[in-house]
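Okay, my_file.cif now, which holds mmCIF, C-alpha atoms and all ligand atoms:
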data_start
loop_
_atom_site.label_atom_id
_atom_site.label_comp_id
_atom_site.auth_asym_id
_atom_site.auth_seq_id
_atom_site.Cartn_x
_atom_site.Cartn_y
_atom_site.Cartn_z
CA MET A 1 20.74 24.89 -21.52
CA GLN A 2 23.48 23.36 -23.67
CA GLN A 3 26.03 21.19 -21.89
CA GLU A 4 28.93 23.47 -22.92
CA LYS A 5 27.22 26.50 -21.38
CA ILE A 6 26.56 24.64 -18.13
CA THR A 7 30.19 23.53 -17.98
CA ALA A 8 31.37 27.10 -18.66
CA ILE A 9 29.21 28.39 -15.76
CA PHE A 10 30.67 25.82 -13.35
CA ASP A 11 34.21 26.51 -14.63
CA GLN A 12 33.65 30.18 -13.74
CA GLN A 13 32.16 29.41 -10.30
CA ALA A 14 34.67 26.74 -9.24
CA ALA A 15 37.01 28.97 -7.19
CA THR A 16 34.18 30.41 -5.08
CA TYR A 17 31.69 27.51 -5.23
CA ASP A 18 32.44 26.01 -1.80
CA GLU A 19 32.46 29.34 0.02
CA LYS A 20 29.16 30.43 -1.55
CA TRP A 21 27.19 27.18 -1.25
CA GLY A 22 28.81 26.33 2.08
CA ARG A 23 26.23 28.67 3.58
CA LEU A 24 23.70 25.89 2.94
CA ALA A 25 25.89 23.41 4.86
CA PRO A 26 23.08 22.43 7.30
CA ILE A 27 20.99 21.22 4.35
CA ASN A 28 23.83 19.40 2.61
CA GLY A 29 24.98 17.97 5.95
CA ALA A 30 21.52 16.46 6.51
CA LEU A 31 21.44 15.05 2.96
CA HIS A 32 24.89 13.51 3.38
CA LEU A 33 23.94 12.02 6.76
CA LEU A 34 20.85 10.35 5.28
CA THR A 35 22.77 9.20 2.20
CA GLY A 36 25.36 7.52 4.41
CA SER A 37 22.54 5.64 6.14
CA VAL A 38 20.89 4.63 2.83
CA LEU A 39 24.22 3.21 1.60
CA SER A 40 25.37 1.72 4.91
CA GLY A 41 24.62 -1.90 3.87
CA LEU A 42 27.19 -1.88 1.04
CA PRO A 43 30.33 -4.04 1.23
CA THR A 44 33.37 -2.70 3.14
CA SER A 45 35.27 -2.27 -0.13
CA ALA A 46 32.37 -0.79 -2.15
CA ARG A 47 33.00 1.15 -5.37
CA ILE A 48 30.93 4.31 -5.74
CA LEU A 49 30.28 6.25 -8.94
CA CYS A 50 29.68 9.98 -8.32
CA VAL A 51 28.23 11.73 -11.37
CA GLY A 52 28.49 15.52 -11.43
CA ALA A 53 30.78 15.32 -8.41
CA GLY A 54 31.59 19.04 -8.57
CA THR A 55 34.01 19.97 -5.78
CA GLY A 56 33.44 16.58 -4.17
CA ALA A 57 31.24 17.40 -1.17
CA GLU A 58 29.42 14.06 -1.10
CA ILE A 59 32.61 12.06 -1.70
CA LEU A 60 34.48 13.81 1.11
CA TYR A 61 31.65 12.97 3.51
CA LEU A 62 31.27 9.32 2.42
CA ALA A 63 35.04 8.74 2.30
CA ARG A 64 35.37 9.81 5.95
CA LYS A 65 32.47 7.62 7.03
CA PHE A 66 33.47 4.52 5.01
CA PRO A 67 37.29 4.42 5.04
CA ASP A 68 37.72 1.54 2.54
CA TRP A 69 35.32 2.69 -0.17
CA GLN A 70 36.69 3.74 -3.57
CA PHE A 71 35.18 6.58 -5.60
CA THR A 72 35.04 7.51 -9.28
CA ALA A 73 34.22 11.21 -9.69
CA VAL A 74 32.73 12.05 -13.10
CA GLU A 75 32.74 15.80 -13.69
CA PRO A 76 32.70 17.74 -16.99
CA SER A 77 34.02 20.99 -15.48
CA ALA A 78 37.81 20.69 -15.27
CA ALA A 79 37.94 23.59 -12.80
CA MET A 80 35.40 22.02 -10.42
CA LEU A 81 37.25 18.69 -10.61
CA GLU A 82 40.57 20.41 -9.86
CA VAL A 83 39.10 21.96 -6.69
CA PHE A 84 37.94 18.48 -5.69
CA ARG A 85 41.38 16.98 -6.42
CA CYS A 86 42.98 19.54 -4.04
CA ARG A 87 40.38 18.89 -1.34
CA ALA A 88 40.84 15.12 -1.73
CA GLU A 89 44.62 15.49 -1.35
CA GLU A 90 44.18 17.66 1.76
CA ALA A 91 41.78 15.09 3.23
CA GLY A 92 44.18 12.22 2.42
CA ILE A 93 41.65 10.36 0.25
CA ALA A 94 43.03 11.07 -3.25
CA SER A 95 44.48 7.55 -3.58
CA ARG A 96 40.93 6.17 -3.18
CA CYS A 97 39.54 8.37 -5.98
CA VAL A 98 39.52 8.27 -9.78
CA PHE A 99 39.15 11.79 -11.20
CA HIS A 100 37.34 11.51 -14.55
CA CYS A 101 36.95 14.80 -16.40
CA GLY A 102 34.06 14.38 -18.84
CA TYR A 103 30.52 13.09 -19.12
CA LEU A 104 29.30 9.67 -18.14
CA ASP A 105 29.29 8.36 -21.71
CA SER A 106 33.10 8.53 -21.73
CA LEU A 107 33.28 6.05 -18.82
CA PRO A 108 33.19 2.30 -19.65
CA GLN A 109 29.87 0.50 -18.97
CA ASP A 110 31.34 -2.30 -16.91
CA GLY A 111 28.36 -2.71 -14.58
CA SER A 112 30.68 -2.95 -11.59
CA PHE A 113 29.77 -0.08 -9.27
CA ASP A 114 27.92 -0.93 -6.05
CA ALA A 115 26.21 2.46 -5.88
CA ALA A 116 26.05 5.85 -7.54
CA THR A 117 25.34 9.37 -6.39
CA SER A 118 24.17 12.23 -8.57
CA PHE A 119 23.51 15.36 -6.55
CA LEU A 120 21.91 18.39 -8.23
CA VAL A 121 22.80 17.27 -11.75
CA SER A 122 19.84 15.81 -13.69
CA GLN A 123 17.89 19.04 -13.16
CA PHE A 124 20.07 20.63 -15.86
CA ILE A 125 18.73 18.22 -18.50
CA LEU A 126 15.56 19.88 -19.76
CA ASP A 127 14.29 17.16 -22.11
CA ARG A 128 12.59 14.38 -20.12
CA THR A 129 13.70 11.59 -22.47
CA ASP A 130 17.32 12.77 -22.27
CA ARG A 131 16.98 13.02 -18.50
CA ALA A 132 15.78 9.39 -18.31
CA GLY A 133 18.71 8.52 -20.62
CA PHE A 134 21.09 10.12 -18.09
CA PHE A 135 19.76 7.78 -15.37
CA HIS A 136 20.01 4.84 -17.81
CA GLY A 137 23.67 5.67 -18.23
CA ILE A 138 24.10 5.37 -14.46
CA ALA A 139 22.10 2.10 -14.29
CA ASP A 140 24.31 0.62 -17.04
CA ARG A 141 27.37 1.12 -14.85
CA LEU A 142 25.89 -0.38 -11.65
CA ARG A 143 25.99 -4.04 -10.69
CA PRO A 144 22.58 -5.79 -10.48
CA GLU A 145 20.64 -4.24 -7.57
CA GLY A 146 23.21 -1.45 -7.32
CA ILE A 147 21.83 1.62 -5.53
CA LEU A 148 21.30 5.12 -6.92
CA VAL A 149 21.02 8.15 -4.64
CA SER A 150 20.01 11.24 -6.60
CA SER A 151 19.06 14.74 -5.55
CA ASP A 152 17.54 17.55 -7.60
CA LEU A 153 15.75 20.83 -7.22
CA ALA A 154 12.05 19.98 -7.44
CA GLY A 155 8.67 21.13 -6.18
CA ASP A 156 5.59 23.14 -6.97
CA ILE A 157 7.18 26.50 -7.71
CA SER A 158 4.26 28.28 -9.32
CA GLY A 159 2.12 29.18 -6.30
CA THR A 160 -1.62 29.82 -6.39
CA GLY A 161 -3.64 32.89 -5.37
CA ASP A 162 -2.03 34.37 -2.27
CA ARG A 163 -0.10 31.15 -1.50
CA PRO A 164 3.52 31.58 -2.68
CA GLY A 165 5.19 28.71 -4.52
CA LEU A 166 8.20 26.84 -3.16
CA LEU A 167 10.55 28.97 -5.27
CA GLU A 168 9.69 32.07 -3.21
CA VAL A 169 10.48 30.19 0.01
CA TRP A 170 13.75 29.02 -1.55
CA LEU A 171 14.75 32.53 -2.60
CA LYS A 172 14.15 33.63 1.01
CA VAL A 173 16.53 30.86 2.09
CA MET A 174 19.10 32.16 -0.43
CA ARG A 175 18.80 35.68 1.02
CA GLY A 176 18.52 34.68 4.68
CA SER A 177 21.55 32.39 4.56
CA GLY A 178 23.63 35.03 2.78
CA THR A 179 24.14 32.65 -0.18
CA ILE A 180 22.87 35.36 -2.53
CA VAL A 181 22.55 38.94 -1.34
CA ASP A 182 22.42 41.03 -4.50
CA PRO A 183 18.74 41.64 -5.51
CA GLY A 184 19.76 41.47 -9.19
CA GLU A 185 21.23 38.03 -8.65
CA ILE A 186 18.06 36.88 -6.85
CA GLN A 187 16.04 37.95 -9.90
CA GLN A 188 18.50 36.13 -12.20
CA MET A 189 18.07 33.00 -10.11
CA ARG A 190 14.26 33.28 -10.23
CA GLU A 191 14.44 33.45 -14.04
CA ALA A 192 17.04 30.69 -14.34
CA TYR A 193 14.98 28.27 -12.24
CA THR A 194 12.03 28.64 -14.59
CA ARG A 195 14.10 28.67 -17.81
CA ASP A 196 17.44 26.86 -17.48
CA VAL A 197 16.66 24.26 -14.81
CA ALA A 198 13.95 21.59 -15.16
CA VAL A 199 12.20 22.00 -11.81
CA LEU A 200 9.47 19.33 -11.87
CA LEU A 201 7.08 17.97 -9.27
CA PRO A 202 8.77 15.35 -7.05
CA ARG A 203 6.44 12.67 -8.46
CA GLU A 204 7.58 13.50 -12.00
CA VAL A 205 11.28 13.25 -11.11
CA GLY A 206 10.62 9.86 -9.49
CA GLU A 207 8.93 8.70 -12.69
CA ILE A 208 11.93 9.81 -14.78
CA ILE A 209 14.34 7.93 -12.49
CA ALA A 210 12.16 4.80 -12.84
CA LEU A 211 12.12 5.20 -16.64
CA GLY A 212 15.91 5.35 -16.45
CA GLY A 213 16.05 1.77 -15.17
CA PHE A 214 15.43 1.93 -11.41
CA ASP A 215 12.76 0.26 -9.23
CA SER A 216 10.26 2.38 -7.28
CA PRO A 217 12.41 5.42 -6.38
CA LEU A 218 11.78 6.47 -2.79
CA LEU A 219 11.74 10.17 -1.95
CA PHE A 220 13.64 10.09 1.35
CA PHE A 221 14.70 13.72 1.79
CA GLN A 222 13.38 17.24 1.30
CA ALA A 223 14.77 20.57 2.47
CA GLY A 224 13.36 23.55 0.64
CA MET A 225 13.61 22.76 -3.06
CA ILE A 226 16.25 20.06 -2.64
CA HIS A 227 14.68 16.60 -2.88
CA ALA A 228 16.49 13.25 -2.89
CA TRP A 229 15.51 9.74 -3.97
CA HIS A 230 17.08 6.35 -3.65
CA ALA A 231 16.35 3.32 -5.79
CA LYS A 232 17.83 -0.02 -6.84
CA ARG A 233 18.81 -0.81 -10.40
CA SER A 234 15.86 -2.70 -11.95
CA HIS A 235 16.13 -6.46 -12.40
CA GLY A 236 15.09 -6.08 -16.04
CA GLN A 237 17.82 -3.49 -16.73
CA THR A 238 20.24 -4.80 -19.34
CA ASP A 239 23.46 -3.08 -20.25
CA SER A 240 22.96 -1.20 -23.50
C1 LIG B 301 25.15 21.96 -8.68
S1 LIG B 301 26.67 21.16 -8.96
C2 LIG B 301 26.63 19.91 -7.69
C3 LIG B 301 28.00 19.37 -7.34
C4 LIG B 301 28.00 18.31 -6.23
N1 LIG B 301 27.32 17.10 -6.66
C5 LIG B 301 27.37 18.86 -4.97
O1 LIG B 301 26.26 18.43 -4.61
O2 LIG B 301 28.00 19.73 -4.34
C6 LIG B 301 26.34 20.22 -10.43
C7 LIG B 301 27.58 19.60 -11.06
O3 LIG B 301 27.17 18.72 -12.10
C8 LIG B 301 27.98 18.91 -13.24
N2 LIG B 301 27.14 18.53 -14.40
C9 LIG B 301 26.22 19.26 -15.05
N3 LIG B 301 25.64 18.55 -16.04
C10 LIG B 301 26.21 17.30 -15.99
C11 LIG B 301 26.03 16.08 -16.73
N4 LIG B 301 25.15 16.00 -17.72
N5 LIG B 301 26.78 15.02 -16.41
C12 LIG B 301 27.67 15.08 -15.39
N6 LIG B 301 27.88 16.19 -14.64
C13 LIG B 301 27.17 17.29 -14.94
C14 LIG B 301 28.38 20.37 -13.20
O4 LIG B 301 29.57 20.61 -13.94
C15 LIG B 301 28.50 20.62 -11.71
O5 LIG B 301 29.81 20.45 -11.24
#

Would you give me this structure, written as structure tokens?
Ligand SMILES: C[S@@+](CC[C@H](N)C(=O)[O-])C[C@H]1O[C@@H](n2cnc3c(N)ncnc32)[C@H](O)[C@@H]1O
Amino acid sequence: MQQEKITAIFDQQAATYDEKWGRLAPINGALHLLTGSVLSGLPTSARILCVGAGTGAEILYLARKFPDWQFTAVEPSAAMLEVFRCRAEEAGIASRCVFHCGYLDSLPQDGSFDAATSFLVSQFILDRTDRAGFFHGIADRLRPEGILVSSDLAGDISGTGDRPGLLEVWLKVMRGSGTIVDPGEIQQMREAYTRDVAVLLPREVGEIIALGGFDSPLLFFQAGMIHAWHAKRSHGQTDS
């Protein structure tokens, strides 16, 4: 899907995004908990780049856990970023955040961030070379050995014979959690996941992250279709 269409969809969803996806809070809570542990060795005053920050869920968690960290939220949807700005003000962390409305290429490549997060973002980039380029853009902005934590929808969704694929399990989670109740919307989601979102095997996503300039990505989390990897910026990675 074109970037402008994706941004328009998130602009439309921004006002209700947290209420709707909050029904999957146990999954996101577990991912945030593990992410905090993965990043726990960073300096007290670490600088974190959050690409596709949306309404800021991962930043709000990390900011509470690490009270001196600074965050740069990169988010193309102005409406999603505005929701995050309000939440950051309510939580008293706005002074520790830079709110950057746009894509990563509009942010200087100063190689100064200690770590980056990118949660449920690269899946929207259908072309594998472009997707590796997205991760390269993150690597270019990290200090040497800076850490990436990335999550995406992934898995074997096709199913074989009478064994359903992971997508069917995931759609049951959508229904059971009350995230999506309308049968028409479930069908739309089934179609979107095979057409508008690049749902690959976990091994393939790991390979794309490595191509993007990271060493041996480790798959450290899976809940349903949500998978997450962490990896260090490769030694050989040079700023482009
Ligand atoms: C599914 S939401 C996830 C938001 C947040 N990271 C979370 O986990 O709650 C994906 C976000 O990525 C943004 N996005 C989509 N494509 C992007 C891109 N190429 N670069 C940066 N952000 C992007 C969208 O606007 C949206 O806010």

Within 12 Å of segment 26-39 of chain A, counting only C-alpha atoms, which residues qualify if same-chain residues fewer than 6 places away don't, as a PyMOL selection string? chain A and resi 18+46-48+56-66+69+114-120+146-152+173+177+218-232

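Residue nearest Cys50 of chain A within the list A:Thr72, A:Ile209, A:Ser112, A:Val181: A:Thr72 [criterion: smallest interatomic distance, only C-alpha atoms].
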
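The closest residue to ligand LIG 301 (chain B), picked from A:Thr44, A:Thr16, A:Gln109, A:Gln123 and counting all atoms listed in the file, is A:Gln123.
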
Smallest atom-to-atom distance to Gln70 of chain A: which of A:Lys172, A:Arg96, A:Arg85, A:Arg195, using all atoms listed in the file?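 Among A:Lys172, A:Arg96, A:Arg85, A:Arg195, it is A:Arg96 that comes nearest to Gln70 of chain A.
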
So which residues are near ligand LIG 301 (chain B), meaning at most 6 Å away with only C-alpha atoms and all ligand atoms counted, given back as a PDB file with C-alpha atoms, in the frame of the given file?
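Output file part-v2.pdb follows:
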ATOM      1  CA  THR A   7      30.190  23.530 -17.980  1.00  0.00           C
ATOM      2  CA  PHE A  10      30.670  25.820 -13.350  1.00  0.00           C
ATOM      3  CA  VAL A  51      28.230  11.730 -11.370  1.00  0.00           C
ATOM      4  CA  GLY A  52      28.490  15.520 -11.430  1.00  0.00           C
ATOM      5  CA  ALA A  53      30.780  15.320  -8.410  1.00  0.00           C
ATOM      6  CA  GLY A  54      31.590  19.040  -8.570  1.00  0.00           C
ATOM      7  CA  ALA A  57      31.240  17.400  -1.170  1.00  0.00           C
ATOM      8  CA  GLU A  75      32.740  15.800 -13.690  1.00  0.00           C
ATOM      9  CA  PRO A  76      32.700  17.740 -16.990  1.00  0.00           C
ATOM     10  CA  SER A  77      34.020  20.990 -15.480  1.00  0.00           C
ATOM     11  CA  MET A  80      35.400  22.020 -10.420  1.00  0.00           C
ATOM     12  CA  TYR A 103      30.520  13.090 -19.120  1.00  0.00           C
ATOM     13  CA  PHE A 119      23.510  15.360  -6.550  1.00  0.00           C
ATOM     14  CA  LEU A 120      21.910  18.390  -8.230  1.00  0.00           C
ATOM     15  CA  VAL A 121      22.800  17.270 -11.750  1.00  0.00           C
ATOM     16  CA  PHE A 124      20.070  20.630 -15.860  1.00  0.00           C
TER      17      PHE A 124
END

Separation of atom CA of Leu171 of chain A from atom CA of Val205 of chain A in Å: 21.4 Å

Long-range neighbours of Ile125 of chain A as a PyMOL selection string, 9 Å cut-off, all atoms listed in the file, 6 positions minimum in chain: chain A and resi 1-3+131+134+196-198

Residues at most 9 Å from segment 164-170 of chain A, counting only C-alpha atoms, excluding those fewer than 2 positions away in the same chain, as a PDB file with C-alpha atoms, in the frame of the given file?
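Produced file part-v6.pdb, reproduced below:
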ATOM      1  CA  ALA A 154      12.050  19.980  -7.440  1.00  0.00           C
ATOM      2  CA  GLY A 155       8.670  21.130  -6.180  1.00  0.00           C
ATOM      3  CA  ASP A 156       5.590  23.140  -6.970  1.00  0.00           C
ATOM      4  CA  ILE A 157       7.180  26.500  -7.710  1.00  0.00           C
ATOM      5  CA  SER A 158       4.260  28.280  -9.320  1.00  0.00           C
ATOM      6  CA  GLY A 159       2.120  29.180  -6.300  1.00  0.00           C
ATOM      7  CA  THR A 160      -1.620  29.820  -6.390  1.00  0.00           C
ATOM      8  CA  GLY A 161      -3.640  32.890  -5.370  1.00  0.00           C
ATOM      9  CA  ASP A 162      -2.030  34.370  -2.270  1.00  0.00           C
ATOM     10  CA  LYS A 172      14.150  33.630   1.010  1.00  0.00           C
ATOM     11  CA  VAL A 173      16.530  30.860   2.090  1.00  0.00           C
ATOM     12  CA  MET A 174      19.100  32.160  -0.430  1.00  0.00           C
ATOM     13  CA  ARG A 175      18.800  35.680   1.020  1.00  0.00           C
ATOM     14  CA  ARG A 190      14.260  33.280 -10.230  1.00  0.00           C
ATOM     15  CA  TYR A 193      14.980  28.270 -12.240  1.00  0.00           C
ATOM     16  CA  GLY A 224      13.360  23.550   0.640  1.00  0.00           C
ATOM     17  CA  MET A 225      13.610  22.760  -3.060  1.00  0.00           C
TER      18      MET A 225
END

For atom CA of Arg23 of chain A and atom CA of Glu185 of chain A, quote the distance in Å rounded to one decimal. 16.2 Å

Select, from A:Ile9, A:Val74, A:Leu126, A:Ala79, the residue with the minimum atom-to-atom distance to Val98 of chain A, counting all atoms listed in the file.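 Answer, going by the shortest atom-to-atom distance: A:Val74.
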
For each of A:Thr129, A:Ser106, A:Thr179, A:Gln187, take the minimum atom-to-atom distance to Ala210 of chain A, counting all atoms listed in the file, then give the residue where this is smallest.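 Ranking A:Thr129, A:Ser106, A:Thr179, A:Gln187 by distance to Ala210 of chain A, first place goes to A:Thr129.
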
Considering all atoms listed in the file, state which residue in the set A:Ile6, A:Met189, A:Gly184, A:Glu82 is at the smallest distance from Cys101 of chain A.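 Of A:Ile6, A:Met189, A:Gly184, A:Glu82, the one nearest Cys101 of chain A, counting all atoms listed in the file, is A:Glu82.
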
Tell me, in Å to one decimal, how far atom CA of Leu201 of chain A is from atom CA of Leu104 of chain A.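 A separation of 25.3 Å between them.
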
Neighbouring residues of His235 of chain A were defined as those with any atom within 12 Å, considering only C-alpha atoms; residues of the same chain fewer than 6 positions away were excluded. Please report them as number ranges by chain. A: 139-140, 142-146, 210, 213-216
